[in-house]
file my_file12.txt (compact mmCIF, C-alpha atoms)
# COMPACT_ATOMS: atom_id res chain seq x y z
CA GLN A 1 29.81 -2.35 -9.17
CA TYR A 2 31.91 -0.99 -6.31
CA ILE A 3 29.01 -1.38 -3.86
CA LYS A 4 28.42 -4.95 -5.06
CA LEU A 5 32.06 -5.77 -4.37
CA LEU A 6 31.91 -4.20 -0.91
CA ARG A 7 28.79 -6.19 -0.07
CA LYS A 8 30.65 -9.39 -0.91
CA THR A 9 33.52 -8.43 1.39
CA ALA A 10 31.06 -7.60 4.21
CA ASN A 11 33.03 -4.45 5.02
CA LEU A 12 30.11 -2.55 6.50
CA GLU A 13 31.94 0.70 7.27
CA LYS A 14 33.32 1.12 3.76
CA LEU A 15 29.96 0.06 2.36
CA ARG A 16 28.23 2.79 4.36
CA GLU A 17 30.76 5.37 3.21
CA ALA A 18 30.29 4.40 -0.43
CA ARG A 19 26.52 4.54 -0.16
CA GLU A 20 26.59 7.90 1.59
CA ALA A 21 28.88 9.25 -1.13
CA MET A 22 26.57 8.01 -3.88
CA SER A 23 23.50 9.34 -2.10
CA ALA A 24 25.11 12.76 -1.78
CA MET A 25 25.64 12.93 -5.54
CA PHE A 26 22.31 11.66 -6.87
CA PRO A 27 19.13 9.84 -5.78
CA LEU A 28 19.67 6.13 -5.32
CA SER A 29 17.40 3.68 -7.11
CA PRO A 30 14.72 1.81 -5.12
CA SER A 31 16.74 -1.41 -5.38
CA LEU A 32 19.82 0.29 -3.90
CA TRP A 33 17.78 1.73 -1.03
CA LEU A 34 16.27 -1.70 -0.39
CA GLU A 35 19.71 -3.31 -0.29
CA TRP A 36 21.02 -0.64 2.06
CA ALA A 37 18.03 -0.86 4.39
CA ARG A 38 18.15 -4.66 4.43
CA ASP A 39 21.85 -4.68 5.27
CA GLU A 40 21.29 -2.29 8.17
CA ALA A 41 18.10 -4.04 9.32
CA SER A 42 19.95 -7.35 9.50
CA LEU A 43 22.03 -5.77 12.29
CA ALA A 44 19.09 -4.09 14.02
CA SER A 45 19.01 -3.79 17.80
CA SER A 46 17.08 -1.62 20.22
CA ASP A 47 19.90 0.94 20.04
CA ASN A 48 19.98 1.57 16.30
CA VAL A 49 16.28 1.32 15.35
CA PRO A 50 15.91 5.14 15.13
CA GLU A 51 18.87 5.36 12.74
CA ILE A 52 17.45 2.66 10.48
CA VAL A 53 14.07 4.41 10.53
CA LYS A 54 15.83 7.56 9.30
CA LEU A 55 17.42 5.51 6.53
CA TYR A 56 14.04 4.24 5.35
CA GLU A 57 12.67 7.77 5.44
CA ARG A 58 15.60 8.98 3.34
CA GLY A 59 14.93 6.27 0.79
CA LEU A 60 11.25 7.17 0.58
CA SER A 61 12.15 10.81 0.05
CA ASP A 62 13.98 9.68 -3.12
CA TYR A 63 11.40 7.17 -4.38
CA GLN A 64 7.86 6.23 -3.37
CA SER A 65 8.52 2.52 -3.85
CA VAL A 66 5.83 0.05 -2.73
CA SER A 67 8.47 -2.52 -1.77
CA LEU A 68 10.42 0.04 0.24
CA TRP A 69 7.26 1.13 2.06
CA CYS A 70 6.38 -2.50 2.85
CA GLU A 71 9.83 -3.27 4.19
CA TYR A 72 9.78 -0.10 6.28
CA LEU A 73 6.41 -1.05 7.77
CA ASN A 74 7.55 -4.61 8.43
CA PHE A 75 10.73 -3.33 10.05
CA LEU A 76 8.75 -1.16 12.47
CA ARG A 77 6.44 -4.04 13.34
CA GLU A 78 9.35 -6.37 14.02
CA PHE A 79 11.96 -4.17 15.66
CA ASP A 80 10.23 -1.18 17.25
CA PRO A 81 9.32 -2.29 20.81
CA SER A 82 6.57 0.30 21.12
CA VAL A 83 4.94 -0.99 17.92
CA ASN A 84 5.17 -4.74 18.46
CA GLY A 85 4.22 -4.19 22.10
CA TYR A 86 1.10 -2.29 21.00
CA THR A 87 1.74 0.60 23.37
CA PRO A 88 -0.47 3.67 22.79
CA ASP A 89 2.47 5.61 21.34
CA GLY A 90 3.51 2.67 19.18
CA VAL A 91 0.01 2.12 17.83
CA SER A 92 -0.35 5.82 17.04
CA LYS A 93 3.06 5.85 15.34
CA MET A 94 2.26 2.82 13.20
CA ARG A 95 -1.13 4.12 12.16
CA ASN A 96 0.43 7.40 11.11
CA VAL A 97 3.00 5.60 8.96
CA PHE A 98 0.32 3.43 7.35
CA GLU A 99 -1.78 6.50 6.60
CA ARG A 100 1.25 8.07 4.92
CA ALA A 101 1.87 4.88 2.96
CA ILE A 102 -1.65 4.69 1.54
CA PRO A 103 -1.56 7.81 -0.68
CA ALA A 104 2.09 7.14 -1.52
CA ALA A 105 1.81 3.44 -2.41
CA GLY A 106 -1.67 2.12 -1.60
CA PHE A 107 -3.10 3.26 -4.94
CA HIS A 108 -0.47 1.45 -7.00
CA VAL A 109 -2.74 -0.63 -9.23
CA THR A 110 -0.78 -3.89 -9.19
CA GLU A 111 1.02 -3.68 -5.82
CA GLY A 112 -1.06 -1.38 -3.63
CA ASN A 113 -2.89 -4.29 -2.01
CA ARG A 114 0.25 -5.02 0.00
CA ILE A 115 -0.13 -1.78 1.94
CA TRP A 116 -3.81 -2.30 2.72
CA GLU A 117 -3.29 -5.92 3.75
CA GLY A 118 -0.44 -4.96 6.06
CA TYR A 119 -2.61 -2.28 7.65
CA ARG A 120 -5.41 -4.77 8.32
CA GLU A 121 -2.99 -7.33 9.75
CA PHE A 122 -1.63 -4.75 12.16
CA GLU A 123 -5.10 -3.74 13.32
CA GLN A 124 -6.14 -7.38 13.59
CA GLY A 125 -3.14 -7.93 15.84
CA ILE A 126 -4.46 -5.19 18.11
CA LEU A 127 -7.91 -6.80 18.15
CA ASP A 128 -6.36 -10.10 19.21
CA THR A 129 -4.89 -8.43 22.30
CA ILE A 130 -8.22 -7.01 23.53
CA ASP A 131 -9.99 -8.99 26.22
CA LYS A 132 -13.07 -10.71 24.78
CA ALA A 133 -15.05 -9.47 27.76
CA ASP A 134 -14.31 -5.86 26.80
CA LEU A 135 -17.05 -5.62 24.18
CA GLU A 136 -16.87 -1.86 23.81
CA GLU A 137 -13.17 -1.81 22.93
CA ARG A 138 -13.47 -4.87 20.70
CA ASN A 139 -16.36 -3.31 18.78
CA LYS A 140 -14.36 -0.11 18.29
CA GLN A 141 -11.45 -2.10 16.91
CA ILE A 142 -13.69 -4.22 14.69
CA GLN A 143 -15.15 -1.04 13.24
CA ARG A 144 -11.64 0.27 12.59
CA ILE A 145 -10.75 -2.88 10.63
CA ARG A 146 -14.07 -2.71 8.79
CA SER A 147 -13.32 0.88 7.79
CA ILE A 148 -9.95 -0.16 6.33
CA PHE A 149 -11.67 -2.91 4.33
CA HIS A 150 -14.24 -0.41 3.04
CA ARG A 151 -11.56 2.05 1.97
CA HIS A 152 -9.57 -0.71 0.29
CA LEU A 153 -12.60 -1.99 -1.62
CA SER A 154 -13.18 1.50 -3.03
CA VAL A 155 -9.78 1.68 -4.75
CA PRO A 156 -9.35 0.27 -8.30
CA LEU A 157 -6.65 -2.32 -7.65
CA LYS A 158 -5.70 -5.69 -9.05
CA ASP A 159 -7.40 -8.73 -7.48
CA LEU A 160 -10.11 -6.61 -5.86
CA SER A 161 -12.51 -9.54 -6.19
CA SER A 162 -10.20 -11.57 -3.92
CA THR A 163 -10.22 -8.72 -1.42
CA LEU A 164 -14.01 -8.77 -1.52
CA ILE A 165 -14.07 -12.50 -0.72
CA THR A 166 -11.63 -11.96 2.16
CA TYR A 167 -13.76 -9.14 3.49
CA LYS A 168 -16.99 -11.13 3.36
CA ALA A 169 -15.34 -14.05 5.14
CA TRP A 170 -14.15 -11.62 7.82
CA GLU A 171 -17.66 -10.17 8.18
CA LEU A 172 -19.06 -13.68 8.61
CA GLU A 173 -16.60 -14.16 11.48
CA GLN A 174 -18.05 -11.01 13.06
CA GLY A 175 -21.56 -12.48 12.82
CA THR A 176 -22.75 -10.43 9.84
CA ASP A 177 -25.37 -12.13 7.68
CA LEU A 178 -23.84 -12.21 4.19
CA ASP A 179 -23.94 -14.44 1.13
CA ILE A 180 -20.25 -15.11 0.56
CA GLY A 181 -20.91 -16.26 -3.00
CA SER A 182 -22.55 -12.98 -3.99
CA ASP A 183 -21.04 -9.59 -4.81
CA ASP A 184 -23.88 -7.86 -2.98
CA LEU A 185 -22.60 -5.63 -0.17
CA SER A 186 -25.80 -3.73 0.44
CA LYS A 187 -26.35 -5.45 3.81
CA VAL A 188 -23.05 -4.01 5.00
CA SER A 189 -23.11 -0.61 3.31
CA PRO A 190 -24.89 0.54 0.14
CA GLN A 191 -22.21 3.22 -0.28
CA VAL A 192 -19.41 0.66 -0.16
CA ALA A 193 -21.31 -1.56 -2.61
CA VAL A 194 -21.52 1.30 -5.12
CA ALA A 195 -17.89 2.33 -4.59
CA ASN A 196 -16.64 -1.24 -4.97
CA LYS A 197 -18.59 -1.78 -8.18
CA LYS A 198 -17.14 1.41 -9.62
CA ALA A 199 -13.61 0.48 -8.50
CA GLN A 200 -13.82 -2.95 -10.13
CA GLN A 201 -15.13 -1.38 -13.33
CA MET A 202 -12.33 1.20 -13.36
CA TYR A 203 -9.71 -1.50 -12.90
CA SER A 204 -11.15 -3.70 -15.66
CA GLU A 205 -10.99 -0.74 -18.06
CA ARG A 206 -7.29 -0.13 -17.42
CA ALA A 207 -6.10 -3.65 -16.57
CA HIS A 208 -4.50 -4.20 -19.98
CA LEU A 209 -2.46 -1.01 -19.55
CA GLU A 210 -1.11 -2.12 -16.18
CA GLU A 211 -0.35 -5.63 -17.40
CA ASN A 212 1.65 -4.25 -20.32
CA ILE A 213 3.76 -2.09 -18.01
CA SER A 214 4.29 -4.91 -15.50
CA LYS A 215 5.77 -7.36 -18.01
CA LYS A 216 9.28 -8.28 -16.92
CA ASP A 217 10.81 -9.02 -20.33
CA LEU A 218 10.27 -5.55 -21.79
CA SER A 219 13.07 -3.31 -22.97
CA ASP A 220 13.32 0.21 -21.56
CA THR A 221 11.95 1.56 -24.85
CA GLU A 222 8.93 -0.75 -24.72
CA LYS A 223 8.26 0.14 -21.08
CA PHE A 224 8.40 3.83 -21.95
CA GLN A 225 5.98 3.34 -24.85
CA HIS A 226 3.48 1.50 -22.65
CA LEU A 227 3.85 4.16 -19.97
CA MET A 228 3.08 6.90 -22.48
CA VAL A 229 -0.03 5.02 -23.62
CA ARG A 230 -1.22 4.77 -20.03
CA MET A 231 -0.54 8.46 -19.41
CA ALA A 232 -2.50 9.35 -22.54
CA TYR A 233 -5.40 7.20 -21.35
CA PHE A 234 -5.55 9.00 -18.02
CA ALA A 235 -5.14 12.43 -19.61
CA VAL A 236 -8.06 11.83 -21.98
CA ASN A 237 -10.30 10.54 -19.20
CA ILE A 238 -9.46 13.42 -16.87
CA CYS A 239 -10.18 15.97 -19.60
CA LEU A 240 -13.41 14.26 -20.63
CA TYR A 241 -14.54 14.00 -17.02
CA SER A 242 -13.85 17.71 -16.45
CA VAL A 243 -15.75 18.76 -19.57
CA LEU A 244 -18.75 16.62 -18.74
CA LYS A 245 -18.87 17.80 -15.15
CA LEU A 246 -18.79 21.43 -16.25
CA ASN A 247 -20.97 21.37 -19.33
CA CYS A 248 -23.29 18.40 -19.59
CA ASN A 249 -26.61 17.50 -18.08
CA MET A 250 -26.03 13.76 -18.26
CA PRO A 251 -25.17 12.68 -14.70
CA THR A 252 -25.21 9.00 -15.61
CA ILE A 253 -22.35 9.46 -18.06
CA CYS A 254 -20.47 11.74 -15.68
CA ASN A 255 -20.74 9.25 -12.85
CA HIS A 256 -19.60 6.43 -15.12
CA ILE A 257 -16.41 8.31 -16.01
CA ALA A 258 -15.71 9.63 -12.50
call {"tool": "encode", "arguments": {"input": "my_file12.txt", "output": "structure tokens"}}
result
Amino acid sequence: QYIKLLRKTANLEKLREAREAMSAMFPLSPSLWLEWARDEASLASSDNVPEIVKLYERGLSDYQSVSLWCEYLNFLREFDPSVNGYTPDGVSKMRNVFERAIPAAGFHVTEGNRIWEGYREFEQGILDTIDKADLEERNKQIQRIRSIFHRHLSVPLKDLSSTLITYKAWELEQGTDLDIGSDDLSKVSPQVAVANKKAQQMYSERAHLEENISKKDLSDTEKFQHLMVRMAYFAVNICLYSVLKLNCNMPTICNHIA
């Protein structure tokens, strides 16, 4: 409540002191880190970008929040001159942060798409800066974007079918011969086709669990109950997968569970 009152008074120094005091006592919630980062980012200049970056990093050390990761990535793209200027150091820095974000937030079933989409947008921005006459560099960058698509399509996330449509439209722009109305990816990569089919199947099997947890009108008790059901589901599947891999001679079943 005290922080809410300080935000209304716009007393930034006292607000910082209060937040630092709270942070020293216990981990702040993702929403509090987001508020803090947004307040500081609203005053961003070339001089204080490193300090705000440290603030985002502190928040992510408390919680691996998808929203906090996305805002951090967007902040770098907007305010870090080396990143939005696509300098070699800036590009390397941004790619490193995205690669950190993927295992931390890119596998979140209902929100992970935001990380992958941001990564592709950044790489597409680089492609747009490459001279069309420089075919070698453009082809390298196209392959980099293609690789991100392939990785994304292999992860069991919500709306993966929409990602597939986006990918096929992108491939058509690159001159690849594809049937956009079909799920067949074999012309692009048989391995990606298999991985995508498995990812979509895995998501469909657990979609009801994720939807239950994501409902906004649940009490804390109901959320906890749904979370325990999901944890039990994963525990059973991990155990069954391990047993089959070690003891059975039925690779079809093992591959279905994997």
call {"tool": "closest_atom_pairs", "arguments": {"input": "my_file12.txt", "of": "stretch 17-80 of chain A", "to": "stretch 115-138 of chain A", "cutoff": "8 Å", "atoms": "only C-alpha atoms", "output": "tab-separated table"}}
result
residue	atom	partner	partner_atom	distance
A:Val66	CA	A:Ile115	CA	7.8
A:Trp69	CA	A:Ile115	CA	7.9
A:Cys70	CA	A:Ile115	CA	6.6
call {"tool": "closest_residue", "arguments": {"input": "my_file12.txt", "among": "A:Lys197, A:Asn74, A:Trp33, A:Lys158", "to": "A:Ser61", "atoms": "only C-alpha atoms"}}
result
A:Trp33
call {"tool": "atom_distance", "arguments": {"input": "my_file12.txt", "atom1": "atom CA of A:Met22", "atom2": "atom CA of A:Glu57"}}
result
16.7 Å
call {"tool": "closest_residue", "arguments": {"input": "my_file12.txt", "among": "A:Ile102, A:Pro156, A:Asp39, A:Ile142", "to": "A:Glu205", "atoms": "all atoms listed in the file"}}
result
A:Pro156
call {"tool": "atom_distance", "arguments": {"input": "my_file12.txt", "atom1": "atom CA of A:Phe79", "atom2": "atom CA of A:Glu99"}}
result
19.6 Å
call {"tool": "residues_around", "arguments": {"input": "my_file12.txt", "residues": "A:Leu160", "least_positions_apart": "6", "cutoff": "10 Å", "atoms": "all atoms listed in the file", "output": "CSV table (one decimal) with C-alpha atoms, in the frame of the given file"}}
result
chain,number,residue,atom,x,y,z
A,113,ASN,CA,-2.9,-4.3,-2.0
A,152,HIS,CA,-9.6,-0.7,0.3
A,153,LEU,CA,-12.6,-2.0,-1.6
A,154,SER,CA,-13.2,1.5,-3.0
A,166,THR,CA,-11.6,-12.0,2.2
A,196,ASN,CA,-16.6,-1.2,-5.0
A,199,ALA,CA,-13.6,0.5,-8.5
A,200,GLN,CA,-13.8,-3.0,-10.1
A,203,TYR,CA,-9.7,-1.5,-12.9
call {"tool": "closest_residue", "arguments": {"input": "my_file12.txt", "among": "A:Gln174, A:Gln64, A:Ser162, A:Thr110", "to": "A:Gln141", "atoms": "all atoms listed in the file"}}
result
A:Gln174
call {"tool": "closest_residue", "arguments": {"input": "my_file12.txt", "among": "A:Ile145, A:Leu172, A:Met202, A:Leu55", "to": "A:Glu71", "atoms": "only C-alpha atoms"}}
result
A:Leu55
call {"tool": "closest_residue", "arguments": {"input": "my_file12.txt", "among": "A:Arg114, A:Arg95, A:Asn84, A:Val194", "to": "A:Arg144", "atoms": "all atoms listed in the file"}}
result
A:Arg95
call {"tool": "atom_distance", "arguments": {"input": "my_file12.txt", "atom1": "atom CA of A:Asp159", "atom2": "atom CA of A:Val109"}}
result
9.5 Å
call {"tool": "closest_residue", "arguments": {"input": "my_file12.txt", "among": "A:Tyr86, A:Phe149, A:Phe75, A:Tyr167", "to": "A:Ala44", "atoms": "only C-alpha atoms"}}
result
A:Phe75
call {"tool": "closest_atom_pairs", "arguments": {"input": "my_file12.txt", "of": "stretch 60-149 of chain A", "to": "stretch 45-53 of chain A", "cutoff": "12 Å", "atoms": "only C-alpha atoms", "output": "JSON lines"}}
result
{"residue": "A:Leu60", "atom": "CA", "partner": "A:Val53", "partner_atom": "CA", "distance": 10.7}
{"residue": "A:Leu68", "atom": "CA", "partner": "A:Val53", "partner_atom": "CA", "distance": 11.8}
{"residue": "A:Trp69", "atom": "CA", "partner": "A:Val53", "partner_atom": "CA", "distance": 11.4}
{"residue": "A:Glu71", "atom": "CA", "partner": "A:Val53", "partner_atom": "CA", "distance": 10.8}
{"residue": "A:Tyr72", "atom": "CA", "partner": "A:Val53", "partner_atom": "CA", "distance": 7.5}
{"residue": "A:Leu73", "atom": "CA", "partner": "A:Val53", "partner_atom": "CA", "distance": 9.8}
{"residue": "A:Asn74", "atom": "CA", "partner": "A:Val53", "partner_atom": "CA", "distance": 11.3}
{"residue": "A:Phe75", "atom": "CA", "partner": "A:Val53", "partner_atom": "CA", "distance": 8.4}
{"residue": "A:Leu76", "atom": "CA", "partner": "A:Val53", "partner_atom": "CA", "distance": 7.9}
{"residue": "A:Arg77", "atom": "CA", "partner": "A:Val49", "partner_atom": "CA", "distance": 11.4}
{"residue": "A:Glu78", "atom": "CA", "partner": "A:Val49", "partner_atom": "CA", "distance": 10.4}
{"residue": "A:Phe79", "atom": "CA", "partner": "A:Val49", "partner_atom": "CA", "distance": 7.0}
{"residue": "A:Asp80", "atom": "CA", "partner": "A:Val49", "partner_atom": "CA", "distance": 6.8}
{"residue": "A:Pro81", "atom": "CA", "partner": "A:Ser46", "partner_atom": "CA", "distance": 7.8}
{"residue": "A:Ser82", "atom": "CA", "partner": "A:Ser46", "partner_atom": "CA", "distance": 10.7}
{"residue": "A:Val83", "atom": "CA", "partner": "A:Val49", "partner_atom": "CA", "distance": 11.9}
{"residue": "A:Val97", "atom": "CA", "partner": "A:Val53", "partner_atom": "CA", "distance": 11.2}
